[in-house]
file final.csv (CSV, C-alpha atoms)
chain,number,residue,atom,x,y,z
A,1,MET,CA,-87.1,93.6,200.3
A,2,TYR,CA,-83.5,94.7,201.4
A,3,ALA,CA,-81.0,95.8,198.8
A,4,VAL,CA,-77.4,94.9,199.3
A,5,THR,CA,-74.6,96.7,197.5
A,6,GLY,CA,-71.1,95.2,197.5
A,7,ILE,CA,-72.6,91.7,197.6
A,8,THR,CA,-69.7,90.2,195.7
A,9,GLY,CA,-67.3,91.2,198.6
A,10,LYS,CA,-66.9,89.7,202.0
A,11,VAL,CA,-69.0,92.1,204.0
A,12,GLY,CA,-71.8,92.5,201.5
A,13,ALA,CA,-72.0,88.7,201.1
A,14,ALA,CA,-72.2,88.3,204.9
A,15,VAL,CA,-75.0,90.9,205.0
A,16,ALA,CA,-77.0,89.0,202.4
A,17,ARG,CA,-76.4,85.6,204.0
A,18,SER,CA,-77.6,86.8,207.3
A,19,LEU,CA,-80.8,88.3,205.8
A,20,LEU,CA,-81.5,85.2,203.9
A,21,SER,CA,-81.0,83.0,207.0
A,22,ALA,CA,-83.7,85.2,208.7
A,23,ASP,CA,-86.0,84.5,205.7
A,24,GLN,CA,-85.8,88.1,204.5
A,25,PRO,CA,-86.0,88.9,200.8
A,26,VAL,CA,-82.8,90.3,199.3
A,27,ARG,CA,-82.1,92.3,196.2
A,28,ALA,CA,-78.5,91.8,195.1
A,29,VAL,CA,-77.1,94.9,193.4
A,30,VAL,CA,-74.3,93.9,191.0
A,31,ARG,CA,-72.4,95.6,188.1
A,32,ASP,CA,-73.2,92.8,185.7
A,33,ARG,CA,-75.8,90.1,185.8
A,34,GLY,CA,-73.3,87.3,185.6
A,35,LYS,CA,-71.9,88.3,189.0
A,36,GLY,CA,-75.4,87.8,190.5
A,37,ALA,CA,-75.9,84.2,189.3
A,38,GLN,CA,-75.0,82.6,192.6
A,39,TRP,CA,-77.3,84.9,194.5
A,40,ALA,CA,-80.1,84.3,192.0
A,41,ASP,CA,-79.7,80.6,192.7
A,42,LEU,CA,-80.3,81.4,196.4
A,43,GLY,CA,-83.5,83.2,195.6
A,44,CYS,CA,-82.3,86.8,195.5
A,45,ASP,CA,-83.8,89.4,193.2
A,46,ILE,CA,-81.0,90.8,190.9
A,47,ALA,CA,-80.6,94.4,190.0
A,48,VAL,CA,-77.8,95.6,187.7
A,49,ALA,CA,-76.3,99.0,188.4
A,50,ASP,CA,-72.8,100.5,188.5
A,51,LEU,CA,-72.3,102.6,191.6
A,52,GLY,CA,-71.2,105.5,189.4
A,53,ASP,CA,-74.5,105.5,187.6
A,54,ALA,CA,-76.9,107.3,189.9
A,55,ALA,CA,-80.0,106.8,187.8
A,56,ALA,CA,-79.4,103.0,187.5
A,57,LEU,CA,-78.6,102.8,191.1
A,58,ALA,CA,-81.7,104.6,192.2
A,59,LYS,CA,-83.8,102.2,190.2
A,60,ALA,CA,-82.0,99.3,191.8
A,61,LEU,CA,-82.7,100.7,195.3
A,62,GLU,CA,-86.3,101.9,195.0
A,63,GLY,CA,-89.2,100.2,196.7
A,64,THR,CA,-86.9,98.6,199.4
A,65,ASP,CA,-87.4,98.4,203.2
A,66,GLY,CA,-83.7,99.1,203.6
A,67,VAL,CA,-80.4,99.4,201.8
A,68,PHE,CA,-76.9,98.2,202.8
A,69,ALA,CA,-74.7,100.8,201.2
A,70,MET,CA,-71.0,100.6,200.8
A,71,LEU,CA,-68.5,102.4,198.5
A,72,PRO,CA,-65.9,100.7,196.5
A,73,PRO,CA,-62.5,100.8,198.3
A,74,VAL,CA,-60.1,103.4,197.0
A,75,PHE,CA,-56.7,102.3,198.3
A,76,ASP,CA,-54.7,104.6,196.0
A,77,PRO,CA,-56.6,107.8,195.8
A,78,ALA,CA,-55.6,110.9,193.8
A,79,PRO,CA,-55.0,113.9,196.0
A,80,GLY,CA,-58.2,115.3,197.4
A,81,PHE,CA,-60.1,112.0,197.0
A,82,PRO,CA,-61.9,112.8,193.7
A,83,GLU,CA,-62.8,109.1,193.1
A,84,ALA,CA,-64.6,108.8,196.5
A,85,ARG,CA,-66.3,112.2,196.1
A,86,GLU,CA,-67.8,111.0,192.8
A,87,PHE,CA,-69.0,107.8,194.4
A,88,ASN,CA,-70.4,109.7,197.4
A,89,ALA,CA,-72.4,112.1,195.1
A,90,SER,CA,-73.8,109.2,193.0
A,91,MET,CA,-74.8,107.2,196.1
A,92,TYR,CA,-76.5,110.3,197.7
A,93,THR,CA,-78.4,111.1,194.5
A,94,ALA,CA,-79.5,107.5,194.1
A,95,LEU,CA,-80.6,107.1,197.7
A,96,ALA,CA,-82.4,110.5,197.8
A,97,ALA,CA,-84.3,109.5,194.7
A,98,ALA,CA,-85.1,105.9,195.7
A,99,LYS,CA,-86.2,106.8,199.3
A,100,PRO,CA,-85.7,103.4,200.9
A,101,LYS,CA,-87.2,103.1,204.4
A,102,LYS,CA,-83.7,103.1,206.0
A,103,VAL,CA,-80.0,102.9,205.1
A,104,VAL,CA,-77.1,101.1,206.8
A,105,ALA,CA,-73.9,102.5,205.4
A,106,LEU,CA,-70.5,100.8,206.0
A,107,SER,CA,-68.1,103.3,207.5
A,108,SER,CA,-64.9,102.8,209.5
A,109,ILE,CA,-63.0,103.5,212.6
A,110,GLY,CA,-61.1,106.7,211.9
A,111,ALA,CA,-63.9,108.2,209.8
A,112,ASP,CA,-64.0,111.1,212.3
A,113,ALA,CA,-60.2,111.4,212.6
A,114,PRO,CA,-59.2,115.1,212.2
A,115,ASN,CA,-55.8,114.4,210.7
A,116,PRO,CA,-55.3,113.6,207.0
A,117,ASN,CA,-55.3,109.9,206.2
A,118,LEU,CA,-56.9,107.3,203.9
A,119,LEU,CA,-59.9,106.9,206.1
A,120,ASN,CA,-61.0,110.5,205.4
A,121,VAL,CA,-62.9,109.0,202.5
A,122,LEU,CA,-65.4,107.4,204.9
A,123,GLY,CA,-65.7,110.8,206.7
A,124,LEU,CA,-66.6,112.3,203.4
A,125,MET,CA,-69.2,109.6,202.8
A,126,GLU,CA,-70.7,110.2,206.2
A,127,GLU,CA,-70.9,114.0,205.5
A,128,ALA,CA,-72.6,113.2,202.1
A,129,LEU,CA,-75.2,110.8,203.4
A,130,LYS,CA,-76.1,112.2,206.8
A,131,ILE,CA,-78.4,114.7,205.2
A,132,LEU,CA,-80.5,112.0,203.5
A,133,PRO,CA,-84.3,112.3,204.2
A,134,VAL,CA,-84.3,108.8,205.5
A,135,PRO,CA,-83.0,107.1,208.7
A,136,VAL,CA,-79.3,106.3,208.4
A,137,VAL,CA,-76.9,104.2,210.4
A,138,PHE,CA,-73.2,104.6,209.9
A,139,LEU,CA,-71.6,101.3,210.9
A,140,ARG,CA,-68.0,102.2,211.9
A,141,ALA,CA,-66.1,98.9,211.8
A,142,ALA,CA,-62.6,98.3,213.1
A,143,TRP,CA,-59.7,97.0,211.1
A,144,PHE,CA,-60.8,93.9,209.2
A,145,MET,CA,-59.2,90.7,210.5
A,146,GLU,CA,-59.4,89.4,206.9
A,147,ASN,CA,-56.8,91.9,205.8
A,148,ALA,CA,-54.4,89.3,207.1
A,149,ALA,CA,-55.1,87.3,203.9
A,150,TRP,CA,-52.2,89.2,202.5
A,151,ASP,CA,-49.9,87.5,205.1
A,152,ILE,CA,-50.8,83.9,204.4
A,153,ALA,CA,-47.9,83.2,202.0
A,154,SER,CA,-45.2,84.7,204.2
A,155,ALA,CA,-46.7,83.1,207.3
A,156,ARG,CA,-46.2,79.7,205.7
A,157,GLU,CA,-42.5,80.8,205.6
A,158,GLY,CA,-42.5,81.6,209.3
A,159,ASN,CA,-42.9,85.3,209.4
A,160,ILE,CA,-45.3,88.2,208.7
A,161,GLN,CA,-44.3,91.7,207.9
A,162,SER,CA,-46.1,94.3,210.0
A,163,TYR,CA,-46.6,98.0,209.4
A,164,LEU,CA,-48.7,98.1,212.6
A,165,GLN,CA,-46.2,98.9,215.4
A,166,PRO,CA,-45.0,98.3,218.1
A,167,LEU,CA,-45.5,94.6,217.7
A,168,ASP,CA,-47.1,94.2,221.1
A,169,ARG,CA,-49.6,97.0,220.7
A,170,PRO,CA,-53.2,95.8,220.2
A,171,ILE,CA,-55.5,97.7,217.9
A,172,PRO,CA,-59.3,97.3,217.3
A,173,MET,CA,-60.1,94.6,214.8
A,174,ILE,CA,-63.3,92.9,213.6
A,175,ALA,CA,-64.2,89.9,211.5
A,176,THR,CA,-66.2,90.6,208.3
A,177,ASP,CA,-68.8,88.0,209.2
A,178,ASP,CA,-69.5,89.9,212.4
A,179,VAL,CA,-69.8,93.1,210.4
A,180,GLY,CA,-72.3,91.5,208.0
A,181,ARG,CA,-74.4,90.0,210.8
A,182,THR,CA,-74.5,93.3,212.6
A,183,ALA,CA,-75.5,95.2,209.4
A,184,ALA,CA,-78.3,92.7,208.7
A,185,ALA,CA,-79.6,93.0,212.2
A,186,LEU,CA,-79.6,96.8,212.0
A,187,LEU,CA,-81.5,96.7,208.7
A,188,GLN,CA,-84.3,94.9,210.5
A,189,GLU,CA,-84.5,97.5,213.3
A,190,HIS,CA,-86.6,100.7,213.4
A,191,TRP,CA,-85.1,104.1,214.3
A,192,GLU,CA,-85.4,107.7,213.4
A,193,GLY,CA,-82.8,110.1,212.2
A,194,GLY,CA,-79.1,109.4,212.2
A,195,ARG,CA,-77.0,106.9,214.3
A,196,ILE,CA,-73.4,105.8,214.6
A,197,VAL,CA,-72.7,102.2,215.6
A,198,GLU,CA,-69.1,101.4,216.4
A,199,LEU,CA,-68.0,97.8,216.1
A,200,GLU,CA,-64.9,95.7,217.1
A,201,GLY,CA,-64.0,92.3,218.4
A,202,ALA,CA,-64.1,91.3,222.0
A,203,GLN,CA,-60.3,91.5,222.2
A,204,ARG,CA,-58.0,93.9,220.5
A,205,VAL,CA,-55.2,92.3,218.4
A,206,SER,CA,-51.5,93.1,218.2
A,207,PRO,CA,-49.2,92.0,215.4
A,208,ASN,CA,-47.7,89.5,217.8
A,209,ALA,CA,-51.1,88.0,218.5
A,210,LEU,CA,-51.8,87.9,214.8
A,211,ALA,CA,-48.6,85.9,214.3
A,212,ASP,CA,-49.6,83.5,217.1
A,213,ALA,CA,-52.9,83.0,215.4
A,214,PHE,CA,-51.1,82.0,212.2
A,215,ALA,CA,-48.9,79.7,214.2
A,216,LYS,CA,-51.9,77.9,215.6
A,217,ALA,CA,-53.6,77.6,212.3
A,218,LEU,CA,-50.5,76.5,210.4
A,219,ALA,CA,-49.1,74.3,213.2
A,220,ARG,CA,-45.7,75.9,212.8
A,221,PRO,CA,-43.8,78.9,214.4
A,222,VAL,CA,-44.6,82.3,213.0
A,223,ARG,CA,-43.2,85.6,214.1
A,224,ALA,CA,-44.1,89.2,213.3
A,225,GLU,CA,-41.4,91.5,212.0
A,226,ALA,CA,-41.7,95.3,211.9
A,227,VAL,CA,-41.2,97.0,208.6
A,228,PRO,CA,-39.0,100.1,209.1
A,229,ARG,CA,-41.1,103.3,208.8
A,230,ASP,CA,-38.6,104.9,206.3
A,231,ARG,CA,-39.2,102.0,203.8
A,232,TRP,CA,-43.0,102.2,203.7
A,233,GLU,CA,-43.3,104.7,200.9
A,234,SER,CA,-40.8,103.0,198.6
A,235,ILE,CA,-42.5,99.6,199.2
A,236,PHE,CA,-45.9,101.0,198.4
A,237,ARG,CA,-44.7,102.7,195.3
A,238,ALA,CA,-43.0,99.4,194.2
A,239,GLN,CA,-46.4,97.7,194.6
A,240,GLY,CA,-47.9,100.2,192.1
A,241,MET,CA,-49.3,103.0,194.3
A,242,LYS,CA,-49.1,106.5,192.8
A,243,ASN,CA,-50.1,108.3,196.0
A,244,PRO,CA,-49.1,106.3,199.1
A,245,THR,CA,-49.2,109.3,201.5
A,246,PRO,CA,-52.8,108.7,202.7
A,247,ARG,CA,-52.1,105.0,203.4
A,248,VAL,CA,-48.9,105.9,205.3
A,249,GLN,CA,-50.8,108.5,207.3
A,250,MET,CA,-53.5,106.0,208.2
A,251,ILE,CA,-51.0,103.5,209.5
A,252,ASP,CA,-49.3,106.3,211.4
A,253,GLY,CA,-52.7,107.1,213.0
A,254,PHE,CA,-53.2,103.5,214.2
A,255,ASN,CA,-49.7,103.3,215.5
A,256,ALA,CA,-49.8,106.7,217.3
A,257,GLY,CA,-53.3,106.0,218.7
A,258,TRP,CA,-55.1,109.0,217.1
A,259,ILE,CA,-57.2,106.5,215.0
A,260,ASP,CA,-59.2,104.7,217.6
A,261,PHE,CA,-62.8,104.6,218.9
A,262,PRO,CA,-63.7,107.2,221.6
A,263,ASN,CA,-62.7,106.3,225.1
A,264,HIS,CA,-60.5,103.5,223.8
A,265,GLY,CA,-63.7,101.6,222.7
A,266,ALA,CA,-65.5,101.8,226.0
A,267,ASN,CA,-68.9,102.1,224.2
A,268,THR,CA,-68.3,100.0,221.1
A,269,HIS,CA,-70.3,96.9,220.3
A,270,LYS,CA,-68.1,93.9,220.9
A,271,LYS,CA,-68.6,90.9,218.7
A,272,SER,CA,-67.7,87.2,219.2
A,273,ILE,CA,-65.3,86.1,216.5
A,274,GLY,CA,-61.7,86.3,217.7
A,275,ILE,CA,-58.4,86.4,215.7
A,276,ASP,CA,-57.7,82.7,216.1
A,277,GLN,CA,-61.0,81.8,214.6
A,278,ALA,CA,-60.7,84.4,211.8
A,279,ILE,CA,-57.3,83.2,210.8
A,280,ALA,CA,-58.2,79.5,210.9
A,281,THR,CA,-61.2,80.3,208.6
A,282,LEU,CA,-58.9,82.1,206.2
A,283,ILE,CA,-56.5,79.2,206.0
A,284,GLN,CA,-59.4,76.7,205.6
A,285,ARG,CA,-61.0,78.7,202.8
A,286,GLU,CA,-57.6,78.9,201.0
A,287,LEU,CA,-57.4,75.1,201.1
A,288,THR,CA,-61.0,74.5,199.7

call {"tool": "encode", "arguments": {"input": "final.csv", "output": "C-alpha cells"}}
result
Amino acid sequence: MYAVTGITGKVGAAVARSLLSADQPVRAVVRDRGKGAQWADLGCDIAVADLGDAAALAKALEGTDGVFAMLPPVFDPAPGFPEAREFNASMYTALAAAKPKKVVALSSIGADAPNPNLLNVLGLMEEALKILPVPVVFLRAAWFMENAAWDIASAREGNIQSYLQPLDRPIPMIATDDVGRTAAALLQEHWEGGRIVELEGAQRVSPNALADAFAKALARPVRAEAVPRDRWESIFRAQGMKNPTPRVQMIDGFNAGWIDFPNHGANTHKKSIGIDQAIATLIQRELT
C-alpha cells in the first residue's frame, strides 16, 4: 500500500494515477472524506488527516510500503516561514511515528539555493526530513509548466505578462504528469539512505517559447511582454500578498541564474512532455 498526500492536486493525482495503472494499492490522504470520493470510486483506501495534525497523519501513513509526501504551498509566507516550519515539524513527527518503508518527498529546484527566496521553504523541508530513520528521496522538480494556467485568459487576448526575463532566456520546466510518474516509479524502487533526484523537461523553456506554445494551441498570435521589475512588488500586493519579498527574490534567482540545477542540469533526469503538449493539454482541459 502506498500513501499519497496532496492527492487532490495535480502532482499528487498524477502519482496516484500512475500507481493505480501499475496495479499498486493506493491510500488517498485527504482533509475530509468528501474530497476522497472520486479516489474511493477508483478503489483507493481513504484516510482522513490534516497535514497539521501529526497524530492523525501518522495513523494515515502507518503500515505503508511508501509515502508520497508533499507540503501545502505557501505562496505568501510570514517572515521566517513559520507556516512551513509547522508543516515540516508535523510531517516529520508523523513519518517518524508511522515508519513507512520509504518516502518520496516533493521538493524543488532552488531548494539548495543559498540566497533568501521563496524556495527556501523546500530547503527547510529537506533539512527536517533528511534525518528520518527510513529511506528518503527528495524529488527536486523544475518550474511547473502548468503554472502557465494563470496566463490562459491573457493569451486569448494575444499576450502573456512575464516576470521571467529576459524573454529569450530558457529556464528548467517540467510537466506535473512527468513529476507524478517519476514519483510513482521511485516509490516502487528500493534504495537505502537519502537520495536527491533532479527533474526537468527535455528542453528548457523561455517566455517567448511559452508564448509560441499558446499561439499554437489557440491558433492565434501570442507574444510575451516583460513586466518591469520596479512594478512587481506593487502588483503582488494588489493581488493580496502581505509579504511579496520571497516571491520577488525567487524570480530574481531564476532570472539571474543562481536558481538552477548544478552544472546547468547536466545530470538531471530529462522527461518527455514538452511545453507545446503541456499548454495544449491545459487549453483542452479548460474546454472540457

call {"tool": "atom_distance", "arguments": {"input": "final.csv", "atom1": "CA of Ala69 (chain A)", "atom2": "CA of Lys242 (chain A)"}}
result
27.5 Å

call {"tool": "residues_around", "arguments": {"input": "final.csv", "residues": "Thr64 (chain A)", "least_positions_apart": "5", "cutoff": "10 Å", "atoms": "only C-alpha atoms", "output": "PDB file with C-alpha atoms, keeping the file's coordinate frame"}}
result
ATOM      1  CA  MET A   1     -87.100  93.600 200.300  1.00  0.00           C
ATOM      2  CA  TYR A   2     -83.500  94.700 201.400  1.00  0.00           C
ATOM      3  CA  ALA A   3     -81.000  95.800 198.800  1.00  0.00           C
ATOM      4  CA  PRO A  25     -86.000  88.900 200.800  1.00  0.00           C
ATOM      5  CA  VAL A  26     -82.800  90.300 199.300  1.00  0.00           C
ATOM      6  CA  ARG A  27     -82.100  92.300 196.200  1.00  0.00           C
ATOM      7  CA  ALA A  98     -85.100 105.900 195.700  1.00  0.00           C
ATOM      8  CA  LYS A  99     -86.200 106.800 199.300  1.00  0.00           C
ATOM      9  CA  PRO A 100     -85.700 103.400 200.900  1.00  0.00           C
ATOM     10  CA  LYS A 101     -87.200 103.100 204.400  1.00  0.00           C
ATOM     11  CA  LYS A 102     -83.700 103.100 206.000  1.00  0.00           C
ATOM     12  CA  VAL A 103     -80.000 102.900 205.100  1.00  0.00           C
TER      13      VAL A 103
END

call {"tool": "closest_residue", "arguments": {"input": "final.csv", "among": "A:Arg181, A:Lys270, A:Arg169, A:Lys130", "to": "Leu199 (chain A)", "atoms": "all atoms listed in the file"}}
result
A:Lys270

call {"tool": "closest_atom_pairs", "arguments": {"input": "final.csv", "of": "region 51-125 of chain A", "to": "region 135-139 of chain A", "cutoff": "12 Å", "atoms": "only C-alpha atoms", "output": "JSON lines"}}
result
{"residue": "A:Asp65", "atom": "CA", "partner": "A:Pro135", "partner_atom": "CA", "distance": 11.2}
{"residue": "A:Gly66", "atom": "CA", "partner": "A:Pro135", "partner_atom": "CA", "distance": 9.5}
{"residue": "A:Val67", "atom": "CA", "partner": "A:Val136", "partner_atom": "CA", "distance": 9.6}
{"residue": "A:Phe68", "atom": "CA", "partner": "A:Val137", "partner_atom": "CA", "distance": 9.7}
{"residue": "A:Ala69", "atom": "CA", "partner": "A:Phe138", "partner_atom": "CA", "distance": 9.6}
{"residue": "A:Met70", "atom": "CA", "partner": "A:Leu139", "partner_atom": "CA", "distance": 10.1}
{"residue": "A:Tyr92", "atom": "CA", "partner": "A:Val136", "partner_atom": "CA", "distance": 11.8}
{"residue": "A:Leu95", "atom": "CA", "partner": "A:Val136", "partner_atom": "CA", "distance": 10.8}
{"residue": "A:Ala96", "atom": "CA", "partner": "A:Pro135", "partner_atom": "CA", "distance": 11.4}
{"residue": "A:Lys99", "atom": "CA", "partner": "A:Pro135", "partner_atom": "CA", "distance": 9.9}
{"residue": "A:Pro100", "atom": "CA", "partner": "A:Pro135", "partner_atom": "CA", "distance": 9.0}
{"residue": "A:Lys101", "atom": "CA", "partner": "A:Pro135", "partner_atom": "CA", "distance": 7.2}
{"residue": "A:Lys102", "atom": "CA", "partner": "A:Pro135", "partner_atom": "CA", "distance": 4.9}
{"residue": "A:Val103", "atom": "CA", "partner": "A:Val136", "partner_atom": "CA", "distance": 4.8}
{"residue": "A:Val104", "atom": "CA", "partner": "A:Val137", "partner_atom": "CA", "distance": 4.8}
{"residue": "A:Ala105", "atom": "CA", "partner": "A:Phe138", "partner_atom": "CA", "distance": 5.0}
{"residue": "A:Leu106", "atom": "CA", "partner": "A:Leu139", "partner_atom": "CA", "distance": 5.0}
{"residue": "A:Ser107", "atom": "CA", "partner": "A:Leu139", "partner_atom": "CA", "distance": 5.3}
{"residue": "A:Ser108", "atom": "CA", "partner": "A:Leu139", "partner_atom": "CA", "distance": 7.0}
{"residue": "A:Ile109", "atom": "CA", "partner": "A:Leu139", "partner_atom": "CA", "distance": 9.0}
{"residue": "A:Gly110", "atom": "CA", "partner": "A:Leu139", "partner_atom": "CA", "distance": 11.8}
{"residue": "A:Ala111", "atom": "CA", "partner": "A:Phe138", "partner_atom": "CA", "distance": 10.0}
{"residue": "A:Asp112", "atom": "CA", "partner": "A:Phe138", "partner_atom": "CA", "distance": 11.5}
{"residue": "A:Leu122", "atom": "CA", "partner": "A:Phe138", "partner_atom": "CA", "distance": 9.7}
{"residue": "A:Gly123", "atom": "CA", "partner": "A:Phe138", "partner_atom": "CA", "distance": 10.2}
{"residue": "A:Met125", "atom": "CA", "partner": "A:Phe138", "partner_atom": "CA", "distance": 9.6}

call {"tool": "write_last_selection", "arguments": {"input": "final.csv", "atoms": "C-alpha atoms", "output": "compact mmCIF listing (two decimals), in the frame of the given file"}}
result
# COMPACT_ATOMS: atom_id res chain seq x y z
CA ASP A 65 -87.40 98.40 203.20
CA GLY A 66 -83.70 99.10 203.60
CA VAL A 67 -80.40 99.40 201.80
CA PHE A 68 -76.90 98.20 202.80
CA ALA A 69 -74.70 100.80 201.20
CA MET A 70 -71.00 100.60 200.80
CA TYR A 92 -76.50 110.30 197.70
CA LEU A 95 -80.60 107.10 197.70
CA ALA A 96 -82.40 110.50 197.80
CA LYS A 99 -86.20 106.80 199.30
CA PRO A 100 -85.70 103.40 200.90
CA LYS A 101 -87.20 103.10 204.40
CA LYS A 102 -83.70 103.10 206.00
CA VAL A 103 -80.00 102.90 205.10
CA VAL A 104 -77.10 101.10 206.80
CA ALA A 105 -73.90 102.50 205.40
CA LEU A 106 -70.50 100.80 206.00
CA SER A 107 -68.10 103.30 207.50
CA SER A 108 -64.90 102.80 209.50
CA ILE A 109 -63.00 103.50 212.60
CA GLY A 110 -61.10 106.70 211.90
CA ALA A 111 -63.90 108.20 209.80
CA ASP A 112 -64.00 111.10 212.30
CA LEU A 122 -65.40 107.40 204.90
CA GLY A 123 -65.70 110.80 206.70
CA MET A 125 -69.20 109.60 202.80

call {"tool": "residues_around", "arguments": {"input": "final.csv", "residues": "region 200-214 of chain A", "least_positions_apart": "5", "cutoff": "7 Å", "atoms": "all atoms listed in the file", "output": "mmCIF file with C-alpha atoms, in the frame of the given file"}}
result
data_model
loop_
_atom_site.group_PDB
_atom_site.id
_atom_site.type_symbol
_atom_site.label_atom_id
_atom_site.label_comp_id
_atom_site.auth_asym_id
_atom_site.auth_seq_id
_atom_site.Cartn_x
_atom_site.Cartn_y
_atom_site.Cartn_z
ATOM 1 C CA ALA A 141 -66.100 98.900 211.800
ATOM 2 C CA ALA A 142 -62.600 98.300 213.100
ATOM 3 C CA ALA A 155 -46.700 83.100 207.300
ATOM 4 C CA ILE A 160 -45.300 88.200 208.700
ATOM 5 C CA SER A 162 -46.100 94.300 210.000
ATOM 6 C CA LEU A 164 -48.700 98.100 212.600
ATOM 7 C CA LEU A 167 -45.500 94.600 217.700
ATOM 8 C CA ASP A 168 -47.100 94.200 221.100
ATOM 9 C CA ARG A 169 -49.600 97.000 220.700
ATOM 10 C CA PRO A 170 -53.200 95.800 220.200
ATOM 11 C CA ILE A 171 -55.500 97.700 217.900
ATOM 12 C CA PRO A 172 -59.300 97.300 217.300
ATOM 13 C CA MET A 173 -60.100 94.600 214.800
ATOM 14 C CA ILE A 174 -63.300 92.900 213.600
ATOM 15 C CA VAL A 222 -44.600 82.300 213.000
ATOM 16 C CA ARG A 223 -43.200 85.600 214.100
ATOM 17 C CA ALA A 224 -44.100 89.200 213.300
ATOM 18 C CA THR A 268 -68.300 100.000 221.100
ATOM 19 C CA HIS A 269 -70.300 96.900 220.300
ATOM 20 C CA LYS A 270 -68.100 93.900 220.900
ATOM 21 C CA LYS A 271 -68.600 90.900 218.700
ATOM 22 C CA SER A 272 -67.700 87.200 219.200
ATOM 23 C CA ILE A 273 -65.300 86.100 216.500
ATOM 24 C CA GLY A 274 -61.700 86.300 217.700
ATOM 25 C CA ILE A 275 -58.400 86.400 215.700
ATOM 26 C CA ASP A 276 -57.700 82.700 216.100
ATOM 27 C CA ILE A 279 -57.300 83.200 210.800
#

call {"tool": "closest_residue", "arguments": {"input": "final.csv", "among": "A:Arg220, A:Leu19, A:Pro244, A:Ala47", "to": "Asp32 (chain A)", "atoms": "all atoms listed in the file"}}
result
A:Ala47

call {"tool": "residues_around", "arguments": {"input": "final.csv", "residues": "region 7-18 of chain A", "least_positions_apart": "5", "cutoff": "9 Å", "atoms": "only C-alpha atoms", "output": "list in words"}}
result
Tyr2, Asp23, Gln24, Val26, Arg27, Ala28, Val29, Val30, Lys35, Gly36, Trp39, Cys44, Phe68, Ala69, Met70, Glu146, Thr176, Asp177, Asp178, Val179, Gly180, Arg181, Thr182, Ala183, Ala184 and Ala185 of chain A

call {"tool": "residues_around", "arguments": {"input": "final.csv", "residues": "Asn88 (chain A)", "least_positions_apart": "6", "cutoff": "8 Å", "atoms": "all atoms listed in the file", "output": "number ranges by chain"}}
result
A: 71, 124-125, 128-129

call {"tool": "write_last_selection", "arguments": {"input": "final.csv", "atoms": "C-alpha atoms", "output": "CSV table (one decimal), in the frame of the given file"}}
result
chain,number,residue,atom,x,y,z
A,71,LEU,CA,-68.5,102.4,198.5
A,124,LEU,CA,-66.6,112.3,203.4
A,125,MET,CA,-69.2,109.6,202.8
A,128,ALA,CA,-72.6,113.2,202.1
A,129,LEU,CA,-75.2,110.8,203.4

call {"tool": "closest_residue", "arguments": {"input": "final.csv", "among": "A:Ala217, A:Ile235, A:Ala89, A:Val227", "to": "Leu51 (chain A)", "atoms": "all atoms listed in the file"}}
result
A:Ala89

call {"tool": "atom_distance", "arguments": {"input": "final.csv", "atom1": "CA of Gly265 (chain A)", "atom2": "CA of Phe75 (chain A)"}}
result
25.4 Å

call {"tool": "closest_residue", "arguments": {"input": "final.csv", "among": "A:Asn117, A:Gln188, A:Thr5, A:Ser90", "to": "Ala22 (chain A)", "atoms": "only C-alpha atoms"}}
result
A:Gln188

call {"tool": "atom_distance", "arguments": {"input": "final.csv", "atom1": "CA of Phe81 (chain A)", "atom2": "CA of Arg33 (chain A)"}}
result
29.2 Å

call {"tool": "closest_residue", "arguments": {"input": "final.csv", "among": "A:Gly240, A:Gly253, A:Val4, A:Glu198", "to": "Ala266 (chain A)", "atoms": "only C-alpha atoms"}}
result
A:Glu198

call {"tool": "closest_residue", "arguments": {"input": "final.csv", "among": "A:Arg195, A:Lys59, A:His264, A:His190", "to": "Met91 (chain A)", "atoms": "all atoms listed in the file"}}
result
A:Lys59

call {"tool": "closest_atom_pairs", "arguments": {"input": "final.csv", "of": "region 73-179 of chain A", "to": "region 280-288 of chain A", "cutoff": "10 Å", "atoms": "all atoms listed in the file", "output": "Markdown table"}}
result
| residue | atom | partner | partner_atom | distance |
| --- | --- | --- | --- | --- |
| A:Met145 | CA | A:Leu282 | CA | 9.6 |
| A:Glu146 | CA | A:Leu282 | CA | 7.4 |
| A:Ala148 | CA | A:Leu282 | CA | 8.5 |
| A:Ala149 | CA | A:Leu282 | CA | 6.8 |
| A:Ile152 | CA | A:Ile283 | CA | 7.6 |

call {"tool": "decode", "arguments": {"input": "final.csv", "residues": "region 21-44 of chain A", "atoms": "C-alpha atoms", "output": "compact mmCIF listing (two decimals), in the first residue's frame"}}
result
# COMPACT_ATOMS: atom_id res chain seq x y z
CA SER A 21 -2.17 1.96 -13.58
CA ALA A 22 0.63 -0.29 -12.29
CA ASP A 23 -1.93 -2.23 -10.22
CA GLN A 24 -0.50 -0.90 -6.97
CA PRO A 25 -2.79 -0.25 -3.97
CA VAL A 26 -3.16 3.41 -3.02
CA ARG A 27 -4.23 5.12 0.18
CA ALA A 28 -5.52 8.62 -0.54
CA VAL A 29 -4.78 11.01 2.32
CA VAL A 30 -7.37 13.80 2.31
CA ARG A 31 -8.51 16.50 4.73
CA ASP A 32 -12.16 15.44 4.56
CA ARG A 33 -13.75 12.26 3.32
CA GLY A 34 -15.79 14.02 0.63
CA LYS A 35 -12.60 15.04 -1.17
CA GLY A 36 -11.68 11.36 -1.45
CA ALA A 37 -14.90 10.19 -3.09
CA GLN A 38 -13.54 10.04 -6.62
CA TRP A 39 -10.50 8.12 -5.40
CA ALA A 40 -12.64 5.69 -3.44
CA ASP A 41 -14.54 5.04 -6.68
CA LEU A 42 -11.20 4.08 -8.26
CA GLY A 43 -10.52 1.57 -5.49
CA CYS A 44 -8.30 3.63 -3.21
